[in-house]
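These notes are about the structure you will find just below.
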Amino acid sequence: MKILVLGATGRTGRLFIHKALEEGHSVTAYVRNPDKARALLGTHPNLTITPGDLNDTERLAAASTGQDVMASLLGQKATVREFLHSTFLQERLPLIMQTVTGAGVKHCVLLSAYGVGDTVRTASLPMRLVCKVIMHGIFTDKVKADALVAEYQPYISRAHPGRLTDKPGRGGVKVFDMASVEHAPGIPTIAREDVADALLTIAKNPQNAGTDFLVTIGDAVLRSPQK
Ligand SMILES: NC(=O)c1ccc[n+]([C@@H]2O[C@H](COP(=O)([O-])OP(=O)(O)OC[C@H]3O[C@@H](n4cnc5c(N)ncnc54)[C@H](OP(=O)(O)O)[C@@H]3O)[C@@H](O)[C@H]2O)c1
């Protein structure tokens with residue numbers, strides 16, 4: 001599989017790329033800082049580092065051409081200001097989706113977060129408080145960005161993990177169609193390494209396009225089939 005990665009130099013992005021290369025996929029890392037990318041990702045025969053800004057539609061379209069899937073692991077700086085009010089994704093995602101799908105990529109895996117938008121309906125009370133208070137600015141940005149790209153929904157799979165850590169992955173990460181989830185207890189927490197596994201699992205199946213997924217290492221209560 002040929003994978004275009006945005007956010008390749010991020011903490012989850014790097015792990016995702018290492019796993020994708022380990023599995024024999026070809027990866028194009030589209031990055032704003034190629035020196036940083038080379039230092040973090042090293043070299044590999046199946047890895048191409050392509051420099052470019054996210055708003056450079058010509059370069060992004062060229063990097064997208066011929067890819068099977070795009071994975072966006074972009075994230076904004078976690079400053080106090082961003083937590084209060086962020087427009088990071090609203091400013092970027094519409095152009096990214098227009099450009100990448102316009103170049104023929106029909107499966108785009110977006111790293112979102114558990115508690116964003118409708119997923120909060122399945123969250124515990126403490127998790128709802130975290131979403132409504134601490135994460136309000138960043139989650140509102142994600143919701144607004146998602147609304148701006150609604151027309152591309154059939155091409156998008158969104159991954160919704162809980163709080164991320166840099167601990168080693170535990171393995172055995174679970175990926176549930178959000179529509180089948182009734183409740184996720186507590187404040188779900190997961191290693192970035194496990195999230196990288198889940199993203200690769202989602203990316204490998206083009207039929208996942210159009211679906212939102214809970215990504216978890218813990219338990220989730222699933223809806224009974226008749227509901
Ligand atoms: N932290 C949590 O607990 C948590 C929980 C659930 C979901 N998430 C979501 O997971 C995602 C990834 O998180 P992470 O911690 O792996 O991210 P991260 O380490 O902060 O990495 C962010 C990535 O985005 C890139 N980026 C930022 N601004 C950019 C710009 N203007 N142009 C191009 N690239 C840009 C960075 O590139 P540079 O290296 O060039 O800066 C980097 O590759 C985020 O969307 C976050 O909201 C986080």
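Letters for chains follow the order of the structure tokens (A, B, ...), residue numbers begin at 1 for each chain, and ligand numbers begin at 1 in the order shown.
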Next on the checklist: Which residues are near ligand 1 - at most 6 Å, using only C-alpha atoms and all ligand atoms? Format: as an MDAnalysis selection string.
Outcome noted: chainID A and resid 7:13 32:33 54 73:77 111:113 161:164
Item to check | Long-range neighbours of Ala209 of chain A as a PyMOL selection string, 12 Å cut-off, only C-alpha atoms, 6 positions minimum in chain | outcome: chain A and resi 68-71+105-110+152-159+177+202-203
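Ranking A:Glu91, A:Glu58, A:Asp53, A:Glu193 by their shortest atom-to-atom distance to Lys142 of chain A, with only C-alpha atoms included, puts A:Glu91 first.
Between atom CA of Lys204 of chain A and atom CA of Gln67 of chain A the separation is 12.4 Å.
With only C-alpha atoms as the atoms that count, the minimum distance from Arg92 of chain A to the choices A:Thr122, A:Thr57, A:Thr216, A:Thr165 is reached by A:Thr57.
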Checklist entry - Do you have the atom CA of Glu22 of chain A-atom CA of Gln207 of chain A distance handy? => result 22.9 Å
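DSSP annotation of segment 56-139 of chain A from backbone atoms: strand (DSSP E) residues are A:Val69, A:Met70, A:Ala71, A:Ser72, A:Cys108, A:Val109, A:Leu110, A:Leu111.
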Written selection (C-alpha atoms) as a PDB file, in the first residue's frame:
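Once written, out35.pdb looks like this:
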ATOM      1  CA  VAL A  69      -4.510   6.288   1.387  1.00  0.00           C
ATOM      2  CA  MET A  70      -3.747   9.530   3.212  1.00  0.00           C
ATOM      3  CA  ALA A  71      -3.218   9.521   6.974  1.00  0.00           C
ATOM      4  CA  SER A  72      -3.355  12.827   8.819  1.00  0.00           C
ATOM      5  CA  CYS A 108      -8.301   9.512   4.211  1.00  0.00           C
ATOM      6  CA  VAL A 109      -7.641   8.431   7.805  1.00  0.00           C
ATOM      7  CA  LEU A 110      -7.837  11.343  10.224  1.00  0.00           C
ATOM      8  CA  LEU A 111      -6.554  11.162  13.797  1.00  0.00           C
TER       9      LEU A 111
END
Contacts of His160 of chain A within 12 Å, only C-alpha atoms, excl. fewer than 5 positions in-chain, as a PDB file with all heavy atoms, in the first residue's frame:
ATOM      1  N   LEU A  73      -2.007  12.867  10.811  1.00  0.00           N
ATOM      2  CA  LEU A  73      -1.745  12.799  12.247  1.00  0.00           C
ATOM      3  C   LEU A  73      -1.293  14.173  12.724  1.00  0.00           C
ATOM      4  O   LEU A  73      -0.468  14.308  13.621  1.00  0.00           O
ATOM      5  CB  LEU A  73      -0.692  11.729  12.551  1.00  0.00           C
ATOM      6  CG  LEU A  73      -1.105  10.310  12.155  1.00  0.00           C
ATOM      7  CD1 LEU A  73      -0.673   9.983  10.728  1.00  0.00           C
ATOM      8  CD2 LEU A  73      -0.521   9.276  13.100  1.00  0.00           C
ATOM      9  N   VAL A 109      -7.506   8.788   6.391  1.00  0.00           N
ATOM     10  CA  VAL A 109      -7.641   8.431   7.805  1.00  0.00           C
ATOM     11  C   VAL A 109      -7.214   9.639   8.634  1.00  0.00           C
ATOM     12  O   VAL A 109      -6.080  10.111   8.515  1.00  0.00           O
ATOM     13  CB  VAL A 109      -6.741   7.216   8.143  1.00  0.00           C
ATOM     14  CG1 VAL A 109      -6.907   6.816   9.597  1.00  0.00           C
ATOM     15  CG2 VAL A 109      -7.052   6.052   7.226  1.00  0.00           C
ATOM     16  N   LEU A 110      -8.132  10.146   9.439  1.00  0.00           N
ATOM     17  CA  LEU A 110      -7.837  11.343  10.224  1.00  0.00           C
ATOM     18  C   LEU A 110      -7.764  10.978  11.696  1.00  0.00           C
ATOM     19  O   LEU A 110      -8.689  10.354  12.236  1.00  0.00           O
ATOM     20  CB  LEU A 110      -8.929  12.407  10.020  1.00  0.00           C
ATOM     21  CG  LEU A 110      -9.286  12.784   8.576  1.00  0.00           C
ATOM     22  CD1 LEU A 110     -10.331  13.899   8.558  1.00  0.00           C
ATOM     23  CD2 LEU A 110      -8.044  13.209   7.792  1.00  0.00           C
ATOM     24  N   LEU A 111      -6.673  11.385  12.353  1.00  0.00           N
ATOM     25  CA  LEU A 111      -6.554  11.162  13.797  1.00  0.00           C
ATOM     26  C   LEU A 111      -7.322  12.263  14.508  1.00  0.00           C
ATOM     27  O   LEU A 111      -6.929  13.439  14.477  1.00  0.00           O
ATOM     28  CB  LEU A 111      -5.077  11.156  14.213  1.00  0.00           C
ATOM     29  CG  LEU A 111      -4.805  11.015  15.712  1.00  0.00           C
ATOM     30  CD1 LEU A 111      -5.524   9.817  16.319  1.00  0.00           C
ATOM     31  CD2 LEU A 111      -3.307  10.889  15.963  1.00  0.00           C
ATOM     32  N   SER A 112      -8.445  11.877  15.118  1.00  0.00           N
ATOM     33  CA  SER A 112      -9.251  12.825  15.893  1.00  0.00           C
ATOM     34  C   SER A 112      -9.054  12.483  17.365  1.00  0.00           C
ATOM     35  O   SER A 112      -7.937  12.107  17.753  1.00  0.00           O
ATOM     36  CB  SER A 112     -10.719  12.709  15.453  1.00  0.00           C
ATOM     37  OG  SER A 112     -11.516  13.647  16.132  1.00  0.00           O
ATOM     38  N   ALA A 113     -10.073  12.609  18.179  1.00  0.00           N
ATOM     39  CA  ALA A 113      -9.945  12.283  19.597  1.00  0.00           C
ATOM     40  C   ALA A 113     -11.291  11.812  20.121  1.00  0.00           C
ATOM     41  O   ALA A 113     -12.339  12.252  19.638  1.00  0.00           O
ATOM     42  CB  ALA A 113      -9.480  13.503  20.382  1.00  0.00           C
ATOM     43  N   TYR A 114     -11.233  10.923  21.116  1.00  0.00           N
ATOM     44  CA  TYR A 114     -12.473  10.481  21.748  1.00  0.00           C
ATOM     45  C   TYR A 114     -13.051  11.647  22.550  1.00  0.00           C
ATOM     46  O   TYR A 114     -12.334  12.298  23.308  1.00  0.00           O
ATOM     47  CB  TYR A 114     -12.206   9.276  22.656  1.00  0.00           C
ATOM     48  CG  TYR A 114     -13.461   8.788  23.327  1.00  0.00           C
ATOM     49  CD1 TYR A 114     -14.555   8.398  22.558  1.00  0.00           C
ATOM     50  CD2 TYR A 114     -13.571   8.739  24.701  1.00  0.00           C
ATOM     51  CE1 TYR A 114     -15.731   7.964  23.159  1.00  0.00           C
ATOM     52  CE2 TYR A 114     -14.735   8.293  25.319  1.00  0.00           C
ATOM     53  CZ  TYR A 114     -15.812   7.924  24.533  1.00  0.00           C
ATOM     54  OH  TYR A 114     -16.972   7.509  25.132  1.00  0.00           O
ATOM     55  N   GLY A 115     -14.344  11.881  22.340  1.00  0.00           N
ATOM     56  CA  GLY A 115     -14.999  13.009  23.013  1.00  0.00           C
ATOM     57  C   GLY A 115     -15.308  14.131  22.053  1.00  0.00           C
ATOM     58  O   GLY A 115     -16.040  15.058  22.386  1.00  0.00           O
ATOM     59  N   VAL A 116     -14.763  14.046  20.845  1.00  0.00           N
ATOM     60  CA  VAL A 116     -15.029  15.072  19.835  1.00  0.00           C
ATOM     61  C   VAL A 116     -16.411  14.824  19.233  1.00  0.00           C
ATOM     62  O   VAL A 116     -16.748  13.696  18.863  1.00  0.00           O
ATOM     63  CB  VAL A 116     -13.956  15.047  18.712  1.00  0.00           C
ATOM     64  CG1 VAL A 116     -14.377  15.917  17.535  1.00  0.00           C
ATOM     65  CG2 VAL A 116     -12.614  15.501  19.257  1.00  0.00           C
ATOM     66  N   GLY A 117     -17.203  15.875  19.154  1.00  0.00           N
ATOM     67  CA  GLY A 117     -18.508  15.804  18.493  1.00  0.00           C
ATOM     68  C   GLY A 117     -19.421  14.792  19.143  1.00  0.00           C
ATOM     69  O   GLY A 117     -19.515  14.698  20.376  1.00  0.00           O
ATOM     70  N   ASP A 118     -20.072  13.988  18.308  1.00  0.00           N
ATOM     71  CA  ASP A 118     -21.082  13.047  18.766  1.00  0.00           C
ATOM     72  C   ASP A 118     -20.497  11.926  19.615  1.00  0.00           C
ATOM     73  O   ASP A 118     -21.221  11.254  20.351  1.00  0.00           O
ATOM     74  CB  ASP A 118     -21.789  12.485  17.508  1.00  0.00           C
ATOM     75  CG  ASP A 118     -23.077  11.795  17.879  1.00  0.00           C
ATOM     76  OD1 ASP A 118     -23.787  12.312  18.765  1.00  0.00           O
ATOM     77  OD2 ASP A 118     -23.359  10.717  17.310  1.00  0.00           O
ATOM     78  N   THR A 119     -19.178  11.702  19.529  1.00  0.00           N
ATOM     79  CA  THR A 119     -18.591  10.587  20.293  1.00  0.00           C
ATOM     80  C   THR A 119     -18.725  10.826  21.806  1.00  0.00           C
ATOM     81  O   THR A 119     -18.683   9.874  22.573  1.00  0.00           O
ATOM     82  CB  THR A 119     -17.094  10.366  19.951  1.00  0.00           C
ATOM     83  OG1 THR A 119     -16.320  11.468  20.399  1.00  0.00           O
ATOM     84  CG2 THR A 119     -16.877  10.187  18.449  1.00  0.00           C
ATOM     85  N   VAL A 120     -18.932  12.072  22.196  1.00  0.00           N
ATOM     86  CA  VAL A 120     -19.017  12.384  23.628  1.00  0.00           C
ATOM     87  C   VAL A 120     -20.262  11.754  24.256  1.00  0.00           C
ATOM     88  O   VAL A 120     -20.317  11.530  25.469  1.00  0.00           O
ATOM     89  CB  VAL A 120     -18.977  13.930  23.859  1.00  0.00           C
ATOM     90  CG1 VAL A 120     -20.315  14.588  23.587  1.00  0.00           C
ATOM     91  CG2 VAL A 120     -18.473  14.253  25.259  1.00  0.00           C
ATOM     92  N   THR A 122     -21.126   8.834  24.315  1.00  0.00           N
ATOM     93  CA  THR A 122     -20.826   7.523  24.896  1.00  0.00           C
ATOM     94  C   THR A 122     -19.846   7.639  26.078  1.00  0.00           C
ATOM     95  O   THR A 122     -19.451   6.619  26.640  1.00  0.00           O
ATOM     96  CB  THR A 122     -20.183   6.607  23.834  1.00  0.00           C
ATOM     97  OG1 THR A 122     -18.950   7.199  23.420  1.00  0.00           O
ATOM     98  CG2 THR A 122     -21.085   6.426  22.622  1.00  0.00           C
ATOM     99  N   ALA A 123     -19.459   8.857  26.409  1.00  0.00           N
ATOM    100  CA  ALA A 123     -18.385   9.057  27.407  1.00  0.00           C
ATOM    101  C   ALA A 123     -18.932   9.080  28.833  1.00  0.00           C
ATOM    102  O   ALA A 123     -20.092   9.422  29.071  1.00  0.00           O
ATOM    103  CB  ALA A 123     -17.642  10.349  27.103  1.00  0.00           C
ATOM    104  N   PHE A 139     -11.254  20.681  20.845  1.00  0.00           N
ATOM    105  CA  PHE A 139     -12.323  19.809  20.332  1.00  0.00           C
ATOM    106  C   PHE A 139     -13.321  20.602  19.487  1.00  0.00           C
ATOM    107  O   PHE A 139     -13.846  20.094  18.495  1.00  0.00           O
ATOM    108  CB  PHE A 139     -13.036  19.093  21.488  1.00  0.00           C
ATOM    109  CG  PHE A 139     -12.259  17.910  22.036  1.00  0.00           C
ATOM    110  CD1 PHE A 139     -10.911  17.722  21.742  1.00  0.00           C
ATOM    111  CD2 PHE A 139     -12.879  16.968  22.842  1.00  0.00           C
ATOM    112  CE1 PHE A 139     -10.195  16.646  22.238  1.00  0.00           C
ATOM    113  CE2 PHE A 139     -12.186  15.874  23.341  1.00  0.00           C
ATOM    114  CZ  PHE A 139     -10.850  15.714  23.049  1.00  0.00           C
ATOM    115  N   LYS A 142     -11.958  20.839  16.125  1.00  0.00           N
ATOM    116  CA  LYS A 142     -12.088  19.582  15.360  1.00  0.00           C
ATOM    117  C   LYS A 142     -13.524  19.424  14.852  1.00  0.00           C
ATOM    118  O   LYS A 142     -13.743  19.013  13.712  1.00  0.00           O
ATOM    119  CB  LYS A 142     -11.681  18.384  16.231  1.00  0.00           C
ATOM    120  CG  LYS A 142     -10.173  18.306  16.516  1.00  0.00           C
ATOM    121  CD  LYS A 142      -9.840  16.994  17.216  1.00  0.00           C
ATOM    122  CE  LYS A 142      -8.456  16.971  17.830  1.00  0.00           C
ATOM    123  NZ  LYS A 142      -7.351  16.940  16.881  1.00  0.00           N
ATOM    124  N   LYS A 174      -7.928  -2.147  20.301  1.00  0.00           N
ATOM    125  CA  LYS A 174      -9.226  -2.483  19.697  1.00  0.00           C
ATOM    126  C   LYS A 174      -9.775  -1.284  18.929  1.00  0.00           C
ATOM    127  O   LYS A 174      -9.576  -0.131  19.331  1.00  0.00           O
ATOM    128  CB  LYS A 174     -10.214  -2.892  20.792  1.00  0.00           C
ATOM    129  CG  LYS A 174      -9.896  -4.255  21.369  1.00  0.00           C
ATOM    130  CD  LYS A 174     -10.623  -4.514  22.655  1.00  0.00           C
ATOM    131  CE  LYS A 174      -9.756  -4.206  23.855  1.00  0.00           C
ATOM    132  NZ  LYS A 174     -10.289  -4.454  25.145  1.00  0.00           N
ATOM    133  N   VAL A 175     -10.435  -1.606  17.838  1.00  0.00           N
ATOM    134  CA  VAL A 175     -10.995  -0.572  16.966  1.00  0.00           C
ATOM    135  C   VAL A 175     -12.472  -0.899  16.781  1.00  0.00           C
ATOM    136  O   VAL A 175     -12.809  -1.928  16.197  1.00  0.00           O
ATOM    137  CB  VAL A 175     -10.249  -0.600  15.607  1.00  0.00           C
ATOM    138  CG1 VAL A 175     -10.940   0.276  14.600  1.00  0.00           C
ATOM    139  CG2 VAL A 175      -8.800  -0.155  15.781  1.00  0.00           C
ATOM    140  N   PHE A 176     -13.348  -0.055  17.344  1.00  0.00           N
ATOM    141  CA  PHE A 176     -14.793  -0.306  17.233  1.00  0.00           C
ATOM    142  C   PHE A 176     -15.440   0.766  16.386  1.00  0.00           C
ATOM    143  O   PHE A 176     -15.159   1.961  16.568  1.00  0.00           O
ATOM    144  CB  PHE A 176     -15.453  -0.247  18.624  1.00  0.00           C
ATOM    145  CG  PHE A 176     -14.979  -1.290  19.589  1.00  0.00           C
ATOM    146  CD1 PHE A 176     -14.262  -0.929  20.722  1.00  0.00           C
ATOM    147  CD2 PHE A 176     -15.263  -2.638  19.384  1.00  0.00           C
ATOM    148  CE1 PHE A 176     -13.833  -1.874  21.634  1.00  0.00           C
ATOM    149  CE2 PHE A 176     -14.832  -3.595  20.295  1.00  0.00           C
ATOM    150  CZ  PHE A 176     -14.116  -3.215  21.419  1.00  0.00           C
ATOM    151  N   ASP A 177     -16.338   0.343  15.486  1.00  0.00           N
ATOM    152  CA  ASP A 177     -17.177   1.308  14.784  1.00  0.00           C
ATOM    153  C   ASP A 177     -17.914   2.124  15.856  1.00  0.00           C
ATOM    154  O   ASP A 177     -18.592   1.559  16.718  1.00  0.00           O
ATOM    155  CB  ASP A 177     -18.177   0.523  13.903  1.00  0.00           C
ATOM    156  CG  ASP A 177     -19.064   1.442  13.088  1.00  0.00           C
ATOM    157  OD1 ASP A 177     -19.220   2.623  13.448  1.00  0.00           O
ATOM    158  OD2 ASP A 177     -19.624   0.952  12.082  1.00  0.00           O
ATOM    159  N   MET A 178     -17.770   3.440  15.824  1.00  0.00           N
ATOM    160  CA  MET A 178     -18.359   4.308  16.855  1.00  0.00           C
ATOM    161  C   MET A 178     -19.861   4.059  16.985  1.00  0.00           C
ATOM    162  O   MET A 178     -20.427   4.168  18.082  1.00  0.00           O
ATOM    163  CB  MET A 178     -18.110   5.755  16.438  1.00  0.00           C
ATOM    164  CG  MET A 178     -17.504   6.732  17.357  1.00  0.00           C
ATOM    165  SD  MET A 178     -16.554   6.392  18.793  1.00  0.00           S
ATOM    166  CE  MET A 178     -17.725   6.453  20.095  1.00  0.00           C
ATOM    167  N   VAL A 181     -20.874   1.595  19.638  1.00  0.00           N
ATOM    168  CA  VAL A 181     -20.426   1.810  21.021  1.00  0.00           C
ATOM    169  C   VAL A 181     -21.544   2.454  21.844  1.00  0.00           C
ATOM    170  O   VAL A 181     -22.135   3.456  21.441  1.00  0.00           O
ATOM    171  CB  VAL A 181     -19.164   2.702  21.050  1.00  0.00           C
ATOM    172  CG1 VAL A 181     -18.744   2.994  22.490  1.00  0.00           C
ATOM    173  CG2 VAL A 181     -18.027   2.047  20.279  1.00  0.00           C
ATOM    174  N   ALA A 184     -17.998   4.130  26.896  1.00  0.00           N
ATOM    175  CA  ALA A 184     -16.585   3.840  27.191  1.00  0.00           C
ATOM    176  C   ALA A 184     -16.315   4.365  28.596  1.00  0.00           C
ATOM    177  O   ALA A 184     -16.477   5.568  28.849  1.00  0.00           O
ATOM    178  CB  ALA A 184     -15.675   4.513  26.176  1.00  0.00           C
ATOM    179  N   PRO A 188     -10.551   7.187  29.036  1.00  0.00           N
ATOM    180  CA  PRO A 188      -9.730   6.243  28.288  1.00  0.00           C
ATOM    181  C   PRO A 188      -8.347   6.828  27.987  1.00  0.00           C
ATOM    182  O   PRO A 188      -8.235   7.986  27.592  1.00  0.00           O
ATOM    183  CB  PRO A 188     -10.513   6.024  26.992  1.00  0.00           C
ATOM    184  CG  PRO A 188     -11.890   6.491  27.272  1.00  0.00           C
ATOM    185  CD  PRO A 188     -11.767   7.561  28.313  1.00  0.00           C
ATOM    186  N   THR A 189      -7.329   6.009  28.207  1.00  0.00           N
ATOM    187  CA  THR A 189      -5.942   6.432  28.009  1.00  0.00           C
ATOM    188  C   THR A 189      -5.227   5.362  27.202  1.00  0.00           C
ATOM    189  O   THR A 189      -5.460   4.174  27.423  1.00  0.00           O
ATOM    190  CB  THR A 189      -5.265   6.611  29.388  1.00  0.00           C
ATOM    191  OG1 THR A 189      -6.000   7.610  30.115  1.00  0.00           O
ATOM    192  CG2 THR A 189      -3.822   7.061  29.261  1.00  0.00           C
ATOM    193  N   ILE A 190      -4.391   5.787  26.286  1.00  0.00           N
ATOM    194  CA  ILE A 190      -3.786   4.822  25.368  1.00  0.00           C
ATOM    195  C   ILE A 190      -2.418   5.335  24.908  1.00  0.00           C
ATOM    196  O   ILE A 190      -2.227   6.550  24.736  1.00  0.00           O
ATOM    197  CB  ILE A 190      -4.742   4.581  24.167  1.00  0.00           C
ATOM    198  CG1 ILE A 190      -4.190   3.541  23.194  1.00  0.00           C
ATOM    199  CG2 ILE A 190      -5.073   5.861  23.421  1.00  0.00           C
ATOM    200  CD1 ILE A 190      -5.227   3.076  22.167  1.00  0.00           C
ATOM    201  N   VAL A 195      -2.014   3.535  19.254  1.00  0.00           N
ATOM    202  CA  VAL A 195      -2.825   4.309  18.302  1.00  0.00           C
ATOM    203  C   VAL A 195      -2.257   4.146  16.890  1.00  0.00           C
ATOM    204  O   VAL A 195      -3.008   3.986  15.917  1.00  0.00           O
ATOM    205  CB  VAL A 195      -2.876   5.802  18.709  1.00  0.00           C
ATOM    206  CG1 VAL A 195      -3.564   6.634  17.638  1.00  0.00           C
ATOM    207  CG2 VAL A 195      -3.579   5.957  20.044  1.00  0.00           C
ATOM    208  N   ALA A 196      -0.930   4.143  16.788  1.00  0.00           N
ATOM    209  CA  ALA A 196      -0.299   3.969  15.472  1.00  0.00           C
ATOM    210  C   ALA A 196      -0.703   2.618  14.874  1.00  0.00           C
ATOM    211  O   ALA A 196      -1.027   2.528  13.683  1.00  0.00           O
ATOM    212  CB  ALA A 196       1.221   4.064  15.611  1.00  0.00           C
ATOM    213  N   ALA A 198      -3.464   0.995  15.468  1.00  0.00           N
ATOM    214  CA  ALA A 198      -4.882   1.077  15.093  1.00  0.00           C
ATOM    215  C   ALA A 198      -5.058   1.855  13.788  1.00  0.00           C
ATOM    216  O   ALA A 198      -5.845   1.468  12.923  1.00  0.00           O
ATOM    217  CB  ALA A 198      -5.671   1.741  16.213  1.00  0.00           C
ATOM    218  N   LEU A 199      -4.307   2.935  13.649  1.00  0.00           N
ATOM    219  CA  LEU A 199      -4.425   3.740  12.429  1.00  0.00           C
ATOM    220  C   LEU A 199      -4.024   2.928  11.198  1.00  0.00           C
ATOM    221  O   LEU A 199      -4.642   3.038  10.137  1.00  0.00           O
ATOM    222  CB  LEU A 199      -3.549   4.994  12.540  1.00  0.00           C
ATOM    223  CG  LEU A 199      -4.056   6.054  13.512  1.00  0.00           C
ATOM    224  CD1 LEU A 199      -2.986   7.106  13.743  1.00  0.00           C
ATOM    225  CD2 LEU A 199      -5.316   6.718  12.997  1.00  0.00           C
ATOM    226  N   ILE A 202      -6.798   0.549  10.354  1.00  0.00           N
ATOM    227  CA  ILE A 202      -7.902   1.259   9.691  1.00  0.00           C
ATOM    228  C   ILE A 202      -7.511   1.592   8.250  1.00  0.00           C
ATOM    229  O   ILE A 202      -8.294   1.418   7.319  1.00  0.00           O
ATOM    230  CB  ILE A 202      -8.263   2.536  10.479  1.00  0.00           C
ATOM    231  CG1 ILE A 202      -8.834   2.178  11.856  1.00  0.00           C
ATOM    232  CG2 ILE A 202      -9.254   3.393   9.685  1.00  0.00           C
ATOM    233  CD1 ILE A 202      -8.957   3.345  12.811  1.00  0.00           C
ATOM    234  N   THR A 211     -16.302   5.838   7.992  1.00  0.00           N
ATOM    235  CA  THR A 211     -16.629   5.350   9.342  1.00  0.00           C
ATOM    236  C   THR A 211     -15.783   6.037  10.409  1.00  0.00           C
ATOM    237  O   THR A 211     -14.604   6.315  10.189  1.00  0.00           O
ATOM    238  CB  THR A 211     -16.389   3.817   9.405  1.00  0.00           C
ATOM    239  OG1 THR A 211     -17.115   3.213   8.335  1.00  0.00           O
ATOM    240  CG2 THR A 211     -16.848   3.227  10.713  1.00  0.00           C
ATOM    241  N   ASP A 212     -16.419   6.291  11.563  1.00  0.00           N
ATOM    242  CA  ASP A 212     -15.705   6.792  12.732  1.00  0.00           C
ATOM    243  C   ASP A 212     -15.433   5.615  13.665  1.00  0.00           C
ATOM    244  O   ASP A 212     -16.313   4.781  13.878  1.00  0.00           O
ATOM    245  CB  ASP A 212     -16.557   7.828  13.475  1.00  0.00           C
ATOM    246  CG  ASP A 212     -16.437   9.196  12.830  1.00  0.00           C
ATOM    247  OD1 ASP A 212     -16.476   9.265  11.589  1.00  0.00           O
ATOM    248  OD2 ASP A 212     -16.287  10.179  13.575  1.00  0.00           O
ATOM    249  N   PHE A 213     -14.226   5.578  14.236  1.00  0.00           N
ATOM    250  CA  PHE A 213     -13.827   4.442  15.074  1.00  0.00           C
ATOM    251  C   PHE A 213     -13.386   4.900  16.471  1.00  0.00           C
ATOM    252  O   PHE A 213     -12.599   5.854  16.584  1.00  0.00           O
ATOM    253  CB  PHE A 213     -12.652   3.691  14.445  1.00  0.00           C
ATOM    254  CG  PHE A 213     -12.997   3.008  13.159  1.00  0.00           C
ATOM    255  CD1 PHE A 213     -12.720   3.602  11.940  1.00  0.00           C
ATOM    256  CD2 PHE A 213     -13.627   1.767  13.165  1.00  0.00           C
ATOM    257  CE1 PHE A 213     -13.040   2.977  10.747  1.00  0.00           C
ATOM    258  CE2 PHE A 213     -13.955   1.121  11.974  1.00  0.00           C
ATOM    259  CZ  PHE A 213     -13.671   1.734  10.755  1.00  0.00           C
ATOM    260  N   LEU A 214     -13.854   4.177  17.475  1.00  0.00           N
ATOM    261  CA  LEU A 214     -13.264   4.294  18.804  1.00  0.00           C
ATOM    262  C   LEU A 214     -11.999   3.446  18.796  1.00  0.00           C
ATOM    263  O   LEU A 214     -12.025   2.287  18.376  1.00  0.00           O
ATOM    264  CB  LEU A 214     -14.231   3.775  19.877  1.00  0.00           C
ATOM    265  CG  LEU A 214     -13.653   3.689  21.292  1.00  0.00           C
ATOM    266  CD1 LEU A 214     -13.362   5.089  21.850  1.00  0.00           C
ATOM    267  CD2 LEU A 214     -14.612   2.949  22.224  1.00  0.00           C
ATOM    268  N   VAL A 215     -10.895   4.043  19.241  1.00  0.00           N
ATOM    269  CA  VAL A 215      -9.619   3.328  19.321  1.00  0.00           C
ATOM    270  C   VAL A 215      -9.291   3.199  20.802  1.00  0.00           C
ATOM    271  O   VAL A 215      -9.112   4.217  21.476  1.00  0.00           O
ATOM    272  CB  VAL A 215      -8.523   4.122  18.572  1.00  0.00           C
ATOM    273  CG1 VAL A 215      -7.153   3.541  18.837  1.00  0.00           C
ATOM    274  CG2 VAL A 215      -8.811   4.142  17.074  1.00  0.00           C
ATOM    275  N   THR A 216      -9.249   1.972  21.301  1.00  0.00           N
ATOM    276  CA  THR A 216      -9.090   1.825  22.749  1.00  0.00           C
ATOM    277  C   THR A 216      -8.294   0.575  23.116  1.00  0.00           C
ATOM    278  O   THR A 216      -8.307  -0.420  22.393  1.00  0.00           O
ATOM    279  CB  THR A 216     -10.471   1.779  23.449  1.00  0.00           C
ATOM    280  OG1 THR A 216     -10.269   1.691  24.853  1.00  0.00           O
ATOM    281  CG2 THR A 216     -11.307   0.600  22.981  1.00  0.00           C
ATOM    282  N   ILE A 217      -7.651   0.677  24.255  1.00  0.00           N
ATOM    283  CA  ILE A 217      -6.932  -0.466  24.795  1.00  0.00           C
ATOM    284  C   ILE A 217      -7.766  -1.063  25.927  1.00  0.00           C
ATOM    285  O   ILE A 217      -7.553  -2.160  26.384  1.00  0.00           O
ATOM    286  CB  ILE A 217      -5.523  -0.009  25.285  1.00  0.00           C
ATOM    287  CG1 ILE A 217      -4.546  -1.148  25.262  1.00  0.00           C
ATOM    288  CG2 ILE A 217      -5.565   0.707  26.593  1.00  0.00           C
ATOM    289  CD1 ILE A 217      -4.082  -1.494  23.889  1.00  0.00           C
TER     290      ILE A 217
END
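For the choices A:Ser224, A:Thr48, A:Asn208, A:Gln98, the atom-to-atom distance to Ala150 of chain A is smallest for A:Gln98 when using only C-alpha atoms.
Between Ala145 of chain A and the residues A:Ile96, A:Pro206, A:Val133, A:Val5, the shortest atom-to-atom distance, using only C-alpha atoms, involves A:Ile96.
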